[in-house]
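Below you'll find the structure, written out as structure tokens, and then a few comments.
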Amino acid sequence: MIRSLTELRGDALPPSAPQGTERAPHFDPSAPILDAIDLLADGYYEMDEEFRYRRINAAGLQIVGKSREEILGKRVLDVFPDVAEAAIHLATTRVMERREAEIVETYYPPHQRWYTNRIYPVDGGIAVFSQDITEQKLLEQNLAFLAEASKILSSSLDYEHTLRGVAQLAVPHFADWCAVDMMTGPNATDLLAIAHIDPAKIHWAEELRRQEPVDLDQPGGLGHVLRTCRSAFYPEITDALLIATSKDERALEIARQIGFSSAMIVPLIIRETPIGAMSFVSAESGRHFTPADLRMAEELASRAALAVENSRLYGESQQAVALRDDFISAASHELKTPVTSLKIYTEMLLRQADQRGDDKSSRHLGTMNAQIERLTVLISDLLDVSKIEAGRLELRQEMFDPRRLVEEVVETIQATTTHCIEMTGHADRPVVGDWERLGQVFTNLLTNAVKYSPRADRIVVRVGEDPESVTVEVEDFGIGMDAEHLEKVFDRFYRVSSTDEKTFPGLGMGLFISHEIVRRHGGSLGVTSEKGRGSVFRVVLPAPAPLDTGTAPEVTP
């Protein structure tokens with residue numbers, strides 16, 4: 001039992017002690033008895049069955065903020081009338097009645113401390129051990145706060161929006177005030193965000209900023225943090241400190257009205273360069289920040305700075321992409337006119353060579369014309385990519401028979417290859433969309449099927465339907481692809497990295513364009529493939545109704 005702990009006294013040894021044993025010097029029989037309970041760092045309280053304090057150690061006295069004379073012999077509710085409904089008193093009552101130990105956490109606002117209270121039944125009453133767990137609780141709260149703040153910082157690439165969100169989150173969880181300042185020039189800052197639990201008081205901080213604009217040359221405060229990239233930590237803000245740091249009487253009056261008790265200012269740093277700072281201020285709550293709070297604030301600032309850097313890098317990359325697309329679009333348009341003229345004159349010279357019977361010139365001009373055709377397709381693809389990226393790819397809307405479209409494309413491609421293109425299946429349902437663009441898709445799929453199956457002699461095209469869609473499959477028996485490429489093959493400019501691919505030139509735009517055209521028709525384009533066995537590309541298009549139902553429905557592009 002608790003009361004049976006051996007008392008550690010500094011008096012004379014028992015009579016049985018051997019001769020020569022040193023006795024404790026200067027024994028004072030009136031000195032208080034000390035035992036292990038009195039030496040504990042944790043608080044210890046012992047009460048009798050009437051809830052009168054009969055024992056309390058020094059740590060316990062420090063926790064409750066009372067003297068031994070104010071505690072011993074007094075009932076709990078006489079000393080602390082406000083705890084009648086508190087969790088700790090209800091728990092002690094249960095232990096007193098049931099004689100079963102309990103553990104309960106309590107928070108003491110006067111000291112801003114958390115304790116774990118272990119309550120045990122003892123002879124004629126109960127005993128309570130109170131262990132300070134404030135640091136653990138603060139760590140848990142800070143980690144939860146950082147996790148929530150990280151979610152906000154990663155929720156958007158608009159860093160101004162996310163930093164305002166973090167400032168709002170910090171109040172009142174971490175501080176009574178939170179402000180975010182950003183550098184707008186070598187010696188200029190802008191107050192990006194400010195938050196307080198009472199929005200009506202925000203004007204005080206704004207007025208204080210107008211009274212005392214940020215001075216990067218000031219010896220302390222925000223300016224010093226931005227200049228040195230080192231945090232400023234004020235665990236206790238006294239009136240003397242306010243007087244020393246205020247610019248004038250008006251600023252001092254505002255600072256006193258706010259009632260600062262503690263503050264931290266931490267820099268936002270990107271590549272060793274300050275871009276701003278976050279300020280955390282305690283006022284109404286009377287909380288005093290600790291070094292652990294400062295470490296948490298610095299970690300938050302580090303994450304916030306990373307979010308700002310990611311946002312700026314993304315913005316720069318988007319600008320670079322926009323410039324690239326503008327260049328591709330302009331260059332493609334400029335190239336299209338001379339290439340078209342070149343093709344016209346090449347075809348005219350080819351006809352003249354055929355008429356003269358000049359086989360050698362005809363052969364050379366035919367090769368030249370084929371290369372010009374490839375260049376024409378490349379320019380058209382570049383134009384399509386730039387239109388897709390800019391959202392300007394136009395699609396005509398008309399109802400047509402998809403099988404007839406596929407048959408025309410098959411006939412065209414069959415005339416240019418020795419592969420046998422087999423077409424099977426049927427589809428009576430119409431589709432609504434752009435005949436030319438969808439023809440471009442099937443042309444690209446068949447052309448790829450021919451190109452990537454040089455040792456095969458056939459390609460299979462299957463057409464099918466169900467109550468809601470029409471399906472077209474193009475199967476080749478060529479080189480195929482590994483599974484790792486299947487999800488990327490429709491990405492812009494993606495080329496399968498393989499030794500087999502070296503003999504098949506291209507920029508990887510055809511499948512990207514085809515995928516986008518099908519997607520904008522409300523359909524899907526997918527692929528299954530196996531290395532060395534070929535590939536199957538599958539186009540699925542929505543089909544509104546059979547052809548004989550009448551007028552085509554109106555469809556928005």
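Scheme for the structure tokens: letters A, B, ... for chains in order shown; per-chain residue numbers from 1; ligand numbers from 1 in order shown.
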Item checked: Per-residue DSSP, region 256-460 of chain A, filtered to alpha helix (DSSP H), as a ChimeraX atom specification -> /A:256-258,291-356,359-390,402-414,435-451
Note to self: Using DSSP assignments from the backbone, pull out every residue in region 57-199 of chain A that falls under strand (DSSP E) and give it to me as an MDAnalysis selection string.
What the structure shows: chainID A and resid 102:108 113:122 125:132 177:185 188:196
Next item on the list: List the neighbours of region 117-131 of chain A out to 7 Å using only C-alpha atoms; skip same-chain residues closer than 2 positions along the sequence, and give me the result as a PyMOL selection string.
Entry: chain A and resi 1-2+42-49+92+95-96+99-105+115+133
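For the pair CA of Asp158 (chain A) and CA of Glu309 (chain A), the interatomic distance is 10.9 Å.
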Checklist line | Residues near His515 (chain A), cut-off 9 Å, only C-alpha atoms, skip fewer than 5 positions along chain, as an NGL selection string | finding: :A and (441 or 490-491 or 510 or 520 or 524-526)
Next item on the list: Extract, using only C-alpha atoms, all DNA, RNA and protein residues at most 12 Å from Phe260 (chain A), discarding same-chain residues fewer than 2 positions from it, and format them as a PyMOL selection string.
Entry: chain A and resi 175-177+205+234-242+252-258+262-264+280-289
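Among the candidates A:Glu70, A:Asp190, A:Glu475, A:Glu407, the one nearest to Ser453 (chain A) when counting only C-alpha atoms is A:Glu475.
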